[in-house]
file final26.tsv (TSV, C-alpha atoms)
chain	number	residue	atom	x	y	z
A	1	MET	CA	0.00	0.00	0.00
A	2	LEU	CA	1.28	3.47	-0.89
A	3	GLU	CA	2.05	6.08	1.73
A	4	ARG	CA	-0.84	8.57	1.62
A	5	ILE	CA	-0.68	12.33	2.16
A	6	THR	CA	-3.83	14.40	2.67
A	7	SER	CA	-2.50	17.64	4.19
A	8	LEU	CA	-0.97	20.63	2.44
A	9	ARG	CA	1.17	21.08	5.53
A	10	ASN	CA	3.02	17.81	4.99
A	11	SER	CA	6.80	18.26	4.76
A	12	LYS	CA	7.06	16.63	1.32
A	13	VAL	CA	4.25	18.80	-0.02
A	14	LYS	CA	6.10	21.86	1.26
A	15	LEU	CA	9.31	20.58	-0.36
A	16	VAL	CA	7.68	20.18	-3.76
A	17	HIS	CA	6.08	23.61	-3.46
A	18	ARG	CA	9.53	25.14	-2.88
A	19	LEU	CA	10.65	23.62	-6.18
A	20	ARG	CA	8.31	25.96	-8.04
A	21	ASN	CA	11.02	28.65	-8.02
A	22	LYS	CA	14.71	28.75	-8.88
A	23	ARG	CA	15.90	29.42	-5.35
A	24	GLY	CA	14.04	26.40	-4.05
A	25	ARG	CA	15.36	24.15	-6.81
A	26	GLN	CA	18.91	25.26	-6.16
A	27	SER	CA	18.73	24.94	-2.37
A	28	GLU	CA	17.12	21.48	-2.55
A	29	SER	CA	19.08	20.24	-5.61
A	30	ARG	CA	15.83	18.86	-6.98
A	31	PHE	CA	13.26	19.69	-9.63
A	32	VAL	CA	9.82	18.58	-10.77
A	33	VAL	CA	8.80	16.69	-13.91
A	34	GLU	CA	5.12	16.30	-14.77
A	35	HIS	CA	5.13	14.61	-18.17
A	36	ARG	CA	5.95	10.94	-18.81
A	37	ARG	CA	8.05	11.79	-21.86
A	38	ASP	CA	10.17	14.28	-19.92
A	39	PHE	CA	10.55	11.83	-17.04
A	40	GLN	CA	11.79	9.11	-19.38
A	41	ARG	CA	14.26	11.50	-21.02
A	42	ALA	CA	15.54	12.62	-17.64
A	43	LEU	CA	16.25	8.98	-16.78
A	44	MET	CA	17.97	8.53	-20.16
A	45	GLY	CA	20.11	11.56	-19.28
A	46	GLY	CA	21.27	9.90	-16.08
A	47	TYR	CA	19.02	11.72	-13.61
A	48	GLU	CA	17.85	9.93	-10.49
A	49	LEU	CA	14.28	9.78	-9.23
A	50	ASP	CA	13.74	10.95	-5.64
A	51	PHE	CA	10.04	10.15	-5.32
A	52	LEU	CA	6.69	10.21	-7.13
A	53	MET	CA	3.42	11.77	-6.08
A	54	VAL	CA	0.44	9.91	-7.50
A	55	CYS	CA	-3.23	10.87	-7.48
A	56	PRO	CA	-5.29	7.83	-8.60
A	57	ALA	CA	-8.37	10.01	-9.20
A	58	LEU	CA	-6.49	12.08	-11.81
A	59	LEU	CA	-4.44	9.36	-13.49
A	60	GLU	CA	-4.80	9.47	-17.26
A	61	SER	CA	-4.37	5.71	-17.25
A	62	GLN	CA	-4.81	3.18	-14.49
A	63	THR	CA	-1.45	1.72	-15.52
A	64	LEU	CA	1.26	3.55	-13.61
A	65	ASP	CA	4.24	3.43	-15.98
A	66	PHE	CA	5.77	6.72	-14.81
A	67	GLY	CA	8.33	5.02	-12.64
A	68	SER	CA	8.85	2.70	-9.73
A	69	THR	CA	5.78	2.52	-7.48
A	70	GLY	CA	8.17	1.70	-4.66
A	71	ASP	CA	9.07	5.40	-4.57
A	72	ALA	CA	5.46	6.59	-4.88
A	73	ILE	CA	3.27	8.55	-2.48
A	74	GLU	CA	-0.48	8.84	-2.93
A	75	VAL	CA	-1.88	12.37	-2.71
A	76	THR	CA	-5.31	13.96	-3.05
A	77	PRO	CA	-6.46	15.92	-6.13
A	78	GLN	CA	-6.29	19.12	-4.06
A	79	ILE	CA	-2.61	18.55	-3.26
A	80	LEU	CA	-1.59	17.62	-6.79
A	81	LYS	CA	-3.38	20.62	-8.31
A	82	HIS	CA	-1.70	22.82	-5.69
A	83	LEU	CA	1.74	21.61	-6.78
A	84	THR	CA	1.59	21.19	-10.55
A	85	TYR	CA	2.17	23.74	-13.30
A	86	ARG	CA	-0.12	22.00	-15.76
A	87	GLU	CA	-3.70	23.22	-15.85
A	88	ASN	CA	-4.91	19.63	-16.18
A	89	PRO	CA	-2.43	17.45	-14.28
A	90	SER	CA	-1.88	13.91	-15.49
A	91	GLY	CA	-2.12	12.45	-12.01
A	92	VAL	CA	1.61	11.95	-11.46
A	93	LEU	CA	4.43	14.26	-10.42
A	94	ALA	CA	8.08	13.17	-10.25
A	95	VAL	CA	10.69	14.81	-8.04
A	96	MET	CA	14.13	14.33	-9.57
A	97	LYS	CA	17.61	14.90	-8.15
A	98	ALA	CA	19.47	17.66	-9.98
A	99	LYS	CA	22.98	17.41	-11.38
A	100	PRO	CA	25.67	20.08	-11.04
A	101	ALA	CA	25.65	22.52	-13.95
A	102	GLU	CA	28.20	21.81	-16.69
A	103	VAL	CA	30.71	24.66	-16.67
A	104	LEU	CA	33.98	25.66	-18.34
A	105	ARG	CA	36.08	22.78	-17.00
A	106	ASP	CA	33.50	20.33	-18.40
A	107	LEU	CA	33.56	22.05	-21.78
A	108	GLU	CA	37.37	21.89	-21.83
A	109	MET	CA	37.19	18.11	-21.44
A	110	SER	CA	34.71	17.68	-24.31
A	111	ILE	CA	35.12	17.24	-28.05
A	112	VAL	CA	33.21	20.11	-29.64
A	113	ASP	CA	33.12	21.15	-33.29
A	114	SER	CA	29.84	23.10	-33.39
A	115	ALA	CA	28.25	25.29	-30.73
A	116	ILE	CA	25.30	27.59	-30.22
A	117	LEU	CA	25.82	30.39	-27.71
A	118	LEU	CA	22.62	31.80	-26.19
A	119	VAL	CA	23.79	35.16	-24.85
A	120	ASP	CA	21.80	36.61	-21.94
A	121	PRO	CA	18.73	34.48	-22.71
A	122	ARG	CA	15.68	35.72	-20.80
A	123	LYS	CA	12.69	33.72	-22.03
A	124	PRO	CA	12.57	30.11	-20.83
A	125	GLY	CA	10.33	29.13	-23.74
A	126	ASN	CA	12.99	30.24	-26.24
A	127	ILE	CA	15.73	28.45	-24.33
A	128	GLY	CA	13.73	25.24	-24.27
A	129	ALA	CA	12.86	25.42	-27.97
A	130	LEU	CA	16.49	26.07	-28.95
A	131	LEU	CA	17.79	23.22	-26.79
A	132	ARG	CA	15.29	20.91	-28.48
A	133	THR	CA	16.39	22.04	-31.94
A	134	GLY	CA	20.07	21.79	-31.00
A	135	ASP	CA	19.60	18.19	-30.02
A	136	ALA	CA	17.62	17.44	-33.20
A	137	ALA	CA	20.26	19.08	-35.42
A	138	GLY	CA	23.19	17.33	-33.73
A	139	ILE	CA	24.87	20.46	-32.39
A	140	ASP	CA	27.80	19.44	-30.18
A	141	ALA	CA	27.41	22.09	-27.46
A	142	MET	CA	24.62	24.38	-26.35
A	143	VAL	CA	26.00	27.19	-24.20
A	144	LEU	CA	23.94	29.44	-21.93
A	145	VAL	CA	25.98	32.62	-21.58
A	146	ASP	CA	25.31	35.01	-18.66
A	147	CYS	CA	22.03	33.18	-18.09
A	148	ALA	CA	20.01	34.02	-14.97
A	149	LEU	CA	17.66	31.06	-15.45
A	150	ASP	CA	18.24	27.46	-14.38
A	151	LEU	CA	17.84	24.46	-16.68
A	152	TYR	CA	15.09	23.03	-14.48
A	153	ASN	CA	12.69	25.91	-15.03
A	154	PRO	CA	9.38	24.15	-15.86
A	155	ASN	CA	8.95	26.16	-19.09
A	156	ILE	CA	12.44	25.15	-20.25
A	157	ILE	CA	11.68	21.50	-19.51
A	158	ARG	CA	8.34	21.63	-21.30
A	159	ASN	CA	9.50	23.56	-24.38
A	160	SER	CA	12.65	21.47	-24.74
A	161	ALA	CA	10.59	18.24	-24.75
A	162	GLY	CA	13.18	16.85	-22.35
A	163	ALA	CA	16.21	17.91	-24.43
A	164	CYS	CA	17.38	19.99	-21.47
A	165	PHE	CA	18.47	16.69	-19.89
A	166	ARG	CA	21.08	15.93	-22.56
A	167	ASP	CA	24.79	16.28	-21.91
A	168	LYS	CA	26.88	19.16	-23.23
A	169	ILE	CA	24.66	22.04	-22.13
A	170	TYR	CA	27.08	24.48	-20.52
A	171	GLN	CA	26.65	27.60	-18.42
A	172	LEU	CA	29.43	30.16	-18.96
A	173	SER	CA	30.11	33.85	-18.54
A	174	SER	CA	30.75	35.98	-21.62
A	175	ALA	CA	34.45	36.18	-20.75
A	176	GLU	CA	34.73	32.39	-20.45
A	177	ALA	CA	32.85	31.74	-23.70
A	178	ILE	CA	34.80	34.29	-25.74
A	179	SER	CA	38.15	33.06	-24.42
A	180	TYR	CA	37.32	29.37	-24.96
A	181	PHE	CA	36.08	29.61	-28.53
A	182	ARG	CA	38.70	32.18	-29.57
A	183	ASP	CA	41.59	30.13	-28.17
A	184	ARG	CA	40.42	26.96	-29.92
A	185	GLY	CA	40.17	28.39	-33.41
A	186	PHE	CA	36.40	28.54	-33.86
A	187	GLN	CA	34.93	30.96	-36.33
A	188	LEU	CA	32.71	33.04	-34.09
A	189	ILE	CA	29.56	34.21	-35.86
A	190	ALA	CA	27.09	36.81	-34.61
A	191	ALA	CA	23.50	36.31	-35.70
A	192	ASP	CA	22.52	39.84	-36.70
A	193	GLY	CA	19.55	40.91	-38.82
A	194	ARG	CA	21.64	43.80	-40.15
A	195	GLY	CA	24.73	41.69	-40.77
A	196	GLU	CA	26.87	42.15	-43.86
A	197	SER	CA	27.13	38.40	-44.59
A	198	ASN	CA	24.40	36.10	-45.90
A	199	LEU	CA	24.11	32.86	-43.91
A	200	PHE	CA	23.83	30.75	-47.04
A	201	ASP	CA	27.12	32.09	-48.42
A	202	LEU	CA	29.16	30.87	-45.43
A	203	ASP	CA	31.25	27.74	-45.00
A	204	LEU	CA	30.09	26.17	-41.74
A	205	ARG	CA	31.75	22.78	-42.21
A	206	HIS	CA	34.52	23.44	-39.71
A	207	LYS	CA	34.72	24.70	-36.12
A	208	THR	CA	31.84	27.13	-35.77
A	209	ALA	CA	30.14	28.87	-32.85
A	210	ILE	CA	26.96	30.89	-33.49
A	211	ALA	CA	26.08	33.61	-30.96
A	212	LEU	CA	22.39	34.46	-30.60
A	213	GLY	CA	21.19	37.47	-28.62
A	214	THR	CA	17.91	38.33	-26.95
A	215	GLU	CA	14.55	38.31	-28.71
A	216	ASP	CA	14.09	42.09	-28.55
A	217	ALA	CA	17.57	43.64	-28.60
A	218	GLY	CA	19.77	40.98	-30.20
A	219	LEU	CA	23.46	40.81	-29.30
A	220	GLY	CA	25.16	43.59	-27.40
A	221	ALA	CA	28.05	45.67	-28.74
A	222	ARG	CA	30.68	43.52	-26.99
A	223	TRP	CA	29.61	40.41	-28.84
A	224	LEU	CA	29.07	42.14	-32.17
A	225	ASP	CA	32.60	43.53	-31.98
A	226	ILE	CA	34.31	40.31	-30.91
A	227	CYS	CA	32.69	38.03	-33.51
A	228	ASP	CA	34.43	37.34	-36.82
A	229	ARG	CA	31.30	38.03	-38.85
A	230	ARG	CA	27.84	39.48	-38.45
A	231	VAL	CA	25.53	37.19	-40.35
A	232	ARG	CA	21.93	37.65	-41.43
A	233	ILE	CA	19.27	35.23	-42.57
A	234	PRO	CA	17.97	36.52	-45.91
A	235	ILE	CA	14.37	37.77	-45.82
A	236	THR	CA	12.52	38.51	-49.05
A	237	GLY	CA	8.98	39.03	-47.72
A	238	VAL	CA	7.02	42.26	-48.04
A	239	LEU	CA	5.83	42.76	-44.46
A	240	THR	CA	8.22	40.62	-42.40
A	241	ASP	CA	11.55	42.16	-41.47
A	242	SER	CA	12.66	39.73	-38.77
A	243	LEU	CA	12.24	36.23	-37.40
A	244	ASN	CA	11.75	35.21	-33.79
A	245	LEU	CA	14.73	33.87	-31.89
A	246	SER	CA	13.85	30.17	-31.86
A	247	VAL	CA	13.17	30.18	-35.62
A	248	SER	CA	16.39	32.06	-36.38
A	249	GLY	CA	18.39	29.68	-34.22
A	250	ALA	CA	16.81	26.68	-35.93
A	251	ILE	CA	17.76	27.98	-39.38
A	252	PHE	CA	21.39	28.48	-38.33
A	253	MET	CA	21.58	25.04	-36.73
A	254	TYR	CA	20.07	23.21	-39.66
A	255	GLU	CA	22.35	25.02	-42.10
A	256	ILE	CA	25.31	23.70	-40.08
A	257	MET	CA	23.82	20.19	-40.24
A	258	ARG	CA	23.01	20.46	-43.97
A	259	GLN	CA	26.53	21.52	-44.92
A	260	ARG	CA	28.19	18.84	-42.84
A	261	GLN	CA	25.97	16.08	-44.16
A	262	THR	CA	26.74	17.02	-47.77
A	263	GLU	CA	30.52	17.14	-47.46
call {"tool": "encode", "arguments": {"input": "final26.tsv", "output": "structure tokens"}}
result
Amino acid sequence: MLERITSLRNSKVKLVHRLRNKRGRQSESRFVVEHRRDFQRALMGGYELDFLMVCPALLESQTLDFGSTGDAIEVTPQILKHLTYRENPSGVLAVMKAKPAEVLRDLEMSIVDSAILLVDPRKPGNIGALLRTGDAAGIDAMVLVDCALDLYNPNIIRNSAGACFRDKIYQLSSAEAISYFRDRGFQLIAADGRGESNLFDLDLRHKTAIALGTEDAGLGARWLDICDRRVRIPITGVLTDSLNLSVSGAIFMYEIMRQRQTE
């Protein structure tokens, strides 16, 4: 029989509630997963389950395939709805143990030939979408530069479809990123809607790092000055003069993949 919790004042309920914000996730070294797909991808990425909360009344299926029932706790619908981000919870919530962030020393030990640098990213939905595309396009390293958000933000998890649990997602400062990619002979490219170079005229078959700025302001002057080229995606439409960040990033990433597959 599962342990059963019926009170919002229970210590484990309070723990999970703390995981709703970054400070809580960092202090507890844990995060929440609410979707079976994301849970499975976290396990594939080497993450460890702490415990499950299960609400039989809300289960989408009577077959509990979310994880080991030995680590499960039964909760009421009131408790689960209090804790979940989803408007219509699936009936299961998994608390996972976090891993230390991958930083410069981890990057230095990796083999990297292509990288996407997300500079000062502010929207978790964009980060998640770009991590998902980076995984799909086979980009070696995804680098969050000067990022105030943590990888376990629920919107990053959801929009990445679990790709945030892959290896080779690094968190660096601007100084660390510039020094690393400069010292190792990467061509450093700034994605810039006013850039002088056309993306489709470039040779991306060798060491390449693409720097993407924020959705509204793009890259700052420091990055525009340090990059080897400012590169634009050609736009021929009548009314559209720009693309959103996740679409722009996807075009750059798939152009890298296309060129390398046709060598």
call {"tool": "closest_atom_pairs", "arguments": {"input": "final26.tsv", "of": "stretch 79-193 of chain A", "to": "stretch 255-260 of chain A", "cutoff": "9 Å", "atoms": "all atoms listed in the file", "output": "Markdown table"}}
result
| residue | atom | partner | partner_atom | distance |
| --- | --- | --- | --- | --- |
| A:Ser114 | CA | A:Ile256 | CA | 8.1 |
| A:Ala137 | CA | A:Met257 | CA | 6.1 |
| A:Gly138 | CA | A:Met257 | CA | 7.1 |
| A:Ile139 | CA | A:Met257 | CA | 7.9 |
call {"tool": "residues_around", "arguments": {"input": "final26.tsv", "residues": "stretch 37-41 of chain A", "least_positions_apart": "4", "cutoff": "8 Å", "atoms": "all atoms listed in the file", "output": "list of chain:residue names"}}
result
A:Val33, A:Gly45, A:Phe66, A:Ala94, A:Ile157, A:Arg158, A:Ala161, A:Gly162, A:Ala163, A:Phe165
call {"tool": "atom_distance", "arguments": {"input": "final26.tsv", "atom1": "atom CA of A:Gly185", "atom2": "atom CA of A:His206"}}
result
9.8 Å
call {"tool": "closest_residue", "arguments": {"input": "final26.tsv", "among": "A:Asp140, A:Trp223, A:Asp203, A:Thr236", "to": "A:Thr262", "atoms": "only C-alpha atoms"}}
result
A:Asp203
call {"tool": "residues_around", "arguments": {"input": "final26.tsv", "residues": "A:Val143", "least_positions_apart": "4", "cutoff": "6 Å", "atoms": "only C-alpha atoms", "output": "CSV table (one decimal) with C-alpha atoms, in the frame of the given file"}}
result
chain,number,residue,atom,x,y,z
A,117,LEU,CA,25.8,30.4,-27.7
A,169,ILE,CA,24.7,22.0,-22.1
A,170,TYR,CA,27.1,24.5,-20.5
A,171,GLN,CA,26.6,27.6,-18.4
call {"tool": "atom_distance", "arguments": {"input": "final26.tsv", "atom1": "atom CA of A:Ala129", "atom2": "atom CA of A:Asp225"}}
result
27.1 Å
call {"tool": "residues_near_point", "arguments": {"input": "final26.tsv", "point": "(14.8, 39.9, -28.3)", "cutoff": "9 Å", "atoms": "all atoms listed in the file", "output": "list of chain:residue names"}}
result
A:Pro121, A:Arg122, A:Gly213, A:Thr214, A:Glu215, A:Asp216, A:Ala217, A:Gly218, A:Leu219, A:Asn244, A:Leu245
call {"tool": "residues_near_point", "arguments": {"input": "final26.tsv", "point": "(-3.7, 12.9, -11.5)", "cutoff": "6 Å", "atoms": "all atoms listed in the file", "output": "short mmCIF file (atom, residue, chain, number, x, y, z; two decimals) with C-alpha atoms, keeping the file's coordinate frame"}}
result
data_model
loop_
_atom_site.label_atom_id
_atom_site.label_comp_id
_atom_site.auth_asym_id
_atom_site.auth_seq_id
_atom_site.Cartn_x
_atom_site.Cartn_y
_atom_site.Cartn_z
CA CYS A 55 -3.23 10.87 -7.48
CA ALA A 57 -8.37 10.01 -9.20
CA LEU A 58 -6.49 12.08 -11.81
CA LEU A 59 -4.44 9.36 -13.49
CA PRO A 89 -2.43 17.45 -14.28
CA SER A 90 -1.88 13.91 -15.49
CA GLY A 91 -2.12 12.45 -12.01
CA VAL A 92 1.61 11.95 -11.46
#
call {"tool": "closest_residue", "arguments": {"input": "final26.tsv", "among": "A:Leu83, A:Leu144, A:Met53, A:Leu204", "to": "A:Lys168", "atoms": "all atoms listed in the file"}}
result
A:Leu144
call {"tool": "residues_around", "arguments": {"input": "final26.tsv", "residues": "A:Arg229", "least_positions_apart": "6", "cutoff": "8 Å", "atoms": "all atoms listed in the file", "output": "list in words"}}
result
Leu188, Ile189, Ala190, Gly195, Glu196 and Ser197 of chain A
call {"tool": "write_last_selection", "arguments": {"input": "final26.tsv", "atoms": "C-alpha atoms", "output": "PDB file, in the coordinates of the input"}}
result
ATOM      1  CA  LEU A 188      32.710  33.040 -34.090  1.00  0.00           C
ATOM      2  CA  ILE A 189      29.560  34.210 -35.860  1.00  0.00           C
ATOM      3  CA  ALA A 190      27.090  36.810 -34.610  1.00  0.00           C
ATOM      4  CA  GLY A 195      24.730  41.690 -40.770  1.00  0.00           C
ATOM      5  CA  GLU A 196      26.870  42.150 -43.860  1.00  0.00           C
ATOM      6  CA  SER A 197      27.130  38.400 -44.590  1.00  0.00           C
TER       7      SER A 197
END
call {"tool": "decode", "arguments": {"input": "final26.tsv", "residues": "stretch 22-102 of chain A", "atoms": "C-alpha atoms", "output": "PDB file, in the first residue's frame"}}
result
ATOM      1  CA  LYS A  22      14.712  28.749  -8.881  1.00  0.00           C
ATOM      2  CA  ARG A  23      15.902  29.422  -5.348  1.00  0.00           C
ATOM      3  CA  GLY A  24      14.043  26.400  -4.053  1.00  0.00           C
ATOM      4  CA  ARG A  25      15.356  24.148  -6.810  1.00  0.00           C
ATOM      5  CA  GLN A  26      18.913  25.264  -6.164  1.00  0.00           C
ATOM      6  CA  SER A  27      18.732  24.937  -2.373  1.00  0.00           C
ATOM      7  CA  GLU A  28      17.118  21.485  -2.549  1.00  0.00           C
ATOM      8  CA  SER A  29      19.084  20.243  -5.607  1.00  0.00           C
ATOM      9  CA  ARG A  30      15.830  18.862  -6.983  1.00  0.00           C
ATOM     10  CA  PHE A  31      13.259  19.694  -9.632  1.00  0.00           C
ATOM     11  CA  VAL A  32       9.819  18.584 -10.774  1.00  0.00           C
ATOM     12  CA  VAL A  33       8.799  16.692 -13.908  1.00  0.00           C
ATOM     13  CA  GLU A  34       5.116  16.300 -14.771  1.00  0.00           C
ATOM     14  CA  HIS A  35       5.127  14.610 -18.174  1.00  0.00           C
ATOM     15  CA  ARG A  36       5.947  10.941 -18.808  1.00  0.00           C
ATOM     16  CA  ARG A  37       8.054  11.787 -21.857  1.00  0.00           C
ATOM     17  CA  ASP A  38      10.167  14.281 -19.919  1.00  0.00           C
ATOM     18  CA  PHE A  39      10.549  11.835 -17.039  1.00  0.00           C
ATOM     19  CA  GLN A  40      11.786   9.106 -19.380  1.00  0.00           C
ATOM     20  CA  ARG A  41      14.260  11.496 -21.018  1.00  0.00           C
ATOM     21  CA  ALA A  42      15.545  12.620 -17.638  1.00  0.00           C
ATOM     22  CA  LEU A  43      16.254   8.980 -16.778  1.00  0.00           C
ATOM     23  CA  MET A  44      17.972   8.532 -20.163  1.00  0.00           C
ATOM     24  CA  GLY A  45      20.107  11.556 -19.284  1.00  0.00           C
ATOM     25  CA  GLY A  46      21.271   9.895 -16.077  1.00  0.00           C
ATOM     26  CA  TYR A  47      19.024  11.724 -13.614  1.00  0.00           C
ATOM     27  CA  GLU A  48      17.852   9.925 -10.491  1.00  0.00           C
ATOM     28  CA  LEU A  49      14.277   9.778  -9.229  1.00  0.00           C
ATOM     29  CA  ASP A  50      13.744  10.946  -5.645  1.00  0.00           C
ATOM     30  CA  PHE A  51      10.035  10.147  -5.321  1.00  0.00           C
ATOM     31  CA  LEU A  52       6.695  10.214  -7.131  1.00  0.00           C
ATOM     32  CA  MET A  53       3.422  11.765  -6.075  1.00  0.00           C
ATOM     33  CA  VAL A  54       0.438   9.909  -7.498  1.00  0.00           C
ATOM     34  CA  CYS A  55      -3.232  10.867  -7.481  1.00  0.00           C
ATOM     35  CA  PRO A  56      -5.292   7.829  -8.602  1.00  0.00           C
ATOM     36  CA  ALA A  57      -8.366  10.006  -9.200  1.00  0.00           C
ATOM     37  CA  LEU A  58      -6.488  12.083 -11.806  1.00  0.00           C
ATOM     38  CA  LEU A  59      -4.439   9.365 -13.495  1.00  0.00           C
ATOM     39  CA  GLU A  60      -4.795   9.474 -17.259  1.00  0.00           C
ATOM     40  CA  SER A  61      -4.369   5.706 -17.247  1.00  0.00           C
ATOM     41  CA  GLN A  62      -4.815   3.180 -14.491  1.00  0.00           C
ATOM     42  CA  THR A  63      -1.447   1.724 -15.519  1.00  0.00           C
ATOM     43  CA  LEU A  64       1.262   3.546 -13.610  1.00  0.00           C
ATOM     44  CA  ASP A  65       4.241   3.427 -15.975  1.00  0.00           C
ATOM     45  CA  PHE A  66       5.774   6.717 -14.810  1.00  0.00           C
ATOM     46  CA  GLY A  67       8.331   5.022 -12.642  1.00  0.00           C
ATOM     47  CA  SER A  68       8.845   2.697  -9.731  1.00  0.00           C
ATOM     48  CA  THR A  69       5.776   2.518  -7.484  1.00  0.00           C
ATOM     49  CA  GLY A  70       8.167   1.697  -4.663  1.00  0.00           C
ATOM     50  CA  ASP A  71       9.075   5.405  -4.567  1.00  0.00           C
ATOM     51  CA  ALA A  72       5.464   6.589  -4.881  1.00  0.00           C
ATOM     52  CA  ILE A  73       3.271   8.549  -2.478  1.00  0.00           C
ATOM     53  CA  GLU A  74      -0.482   8.842  -2.930  1.00  0.00           C
ATOM     54  CA  VAL A  75      -1.884  12.373  -2.710  1.00  0.00           C
ATOM     55  CA  THR A  76      -5.314  13.965  -3.051  1.00  0.00           C
ATOM     56  CA  PRO A  77      -6.459  15.923  -6.128  1.00  0.00           C
ATOM     57  CA  GLN A  78      -6.290  19.120  -4.058  1.00  0.00           C
ATOM     58  CA  ILE A  79      -2.610  18.551  -3.260  1.00  0.00           C
ATOM     59  CA  LEU A  80      -1.589  17.624  -6.793  1.00  0.00           C
ATOM     60  CA  LYS A  81      -3.376  20.622  -8.308  1.00  0.00           C
ATOM     61  CA  HIS A  82      -1.698  22.821  -5.692  1.00  0.00           C
ATOM     62  CA  LEU A  83       1.738  21.608  -6.778  1.00  0.00           C
ATOM     63  CA  THR A  84       1.588  21.187 -10.554  1.00  0.00           C
ATOM     64  CA  TYR A  85       2.173  23.737 -13.295  1.00  0.00           C
ATOM     65  CA  ARG A  86      -0.116  22.001 -15.764  1.00  0.00           C
ATOM     66  CA  GLU A  87      -3.696  23.217 -15.854  1.00  0.00           C
ATOM     67  CA  ASN A  88      -4.914  19.635 -16.179  1.00  0.00           C
ATOM     68  CA  PRO A  89      -2.425  17.450 -14.281  1.00  0.00           C
ATOM     69  CA  SER A  90      -1.879  13.911 -15.493  1.00  0.00           C
ATOM     70  CA  GLY A  91      -2.124  12.448 -12.005  1.00  0.00           C
ATOM     71  CA  VAL A  92       1.610  11.947 -11.455  1.00  0.00           C
ATOM     72  CA  LEU A  93       4.431  14.265 -10.420  1.00  0.00           C
ATOM     73  CA  ALA A  94       8.080  13.168 -10.253  1.00  0.00           C
ATOM     74  CA  VAL A  95      10.692  14.810  -8.036  1.00  0.00           C
ATOM     75  CA  MET A  96      14.133  14.331  -9.567  1.00  0.00           C
ATOM     76  CA  LYS A  97      17.605  14.896  -8.150  1.00  0.00           C
ATOM     77  CA  ALA A  98      19.468  17.663  -9.982  1.00  0.00           C
ATOM     78  CA  LYS A  99      22.982  17.405 -11.384  1.00  0.00           C
ATOM     79  CA  PRO A 100      25.673  20.082 -11.040  1.00  0.00           C
ATOM     80  CA  ALA A 101      25.654  22.523 -13.951  1.00  0.00           C
ATOM     81  CA  GLU A 102      28.204  21.808 -16.687  1.00  0.00           C
TER      82      GLU A 102
END
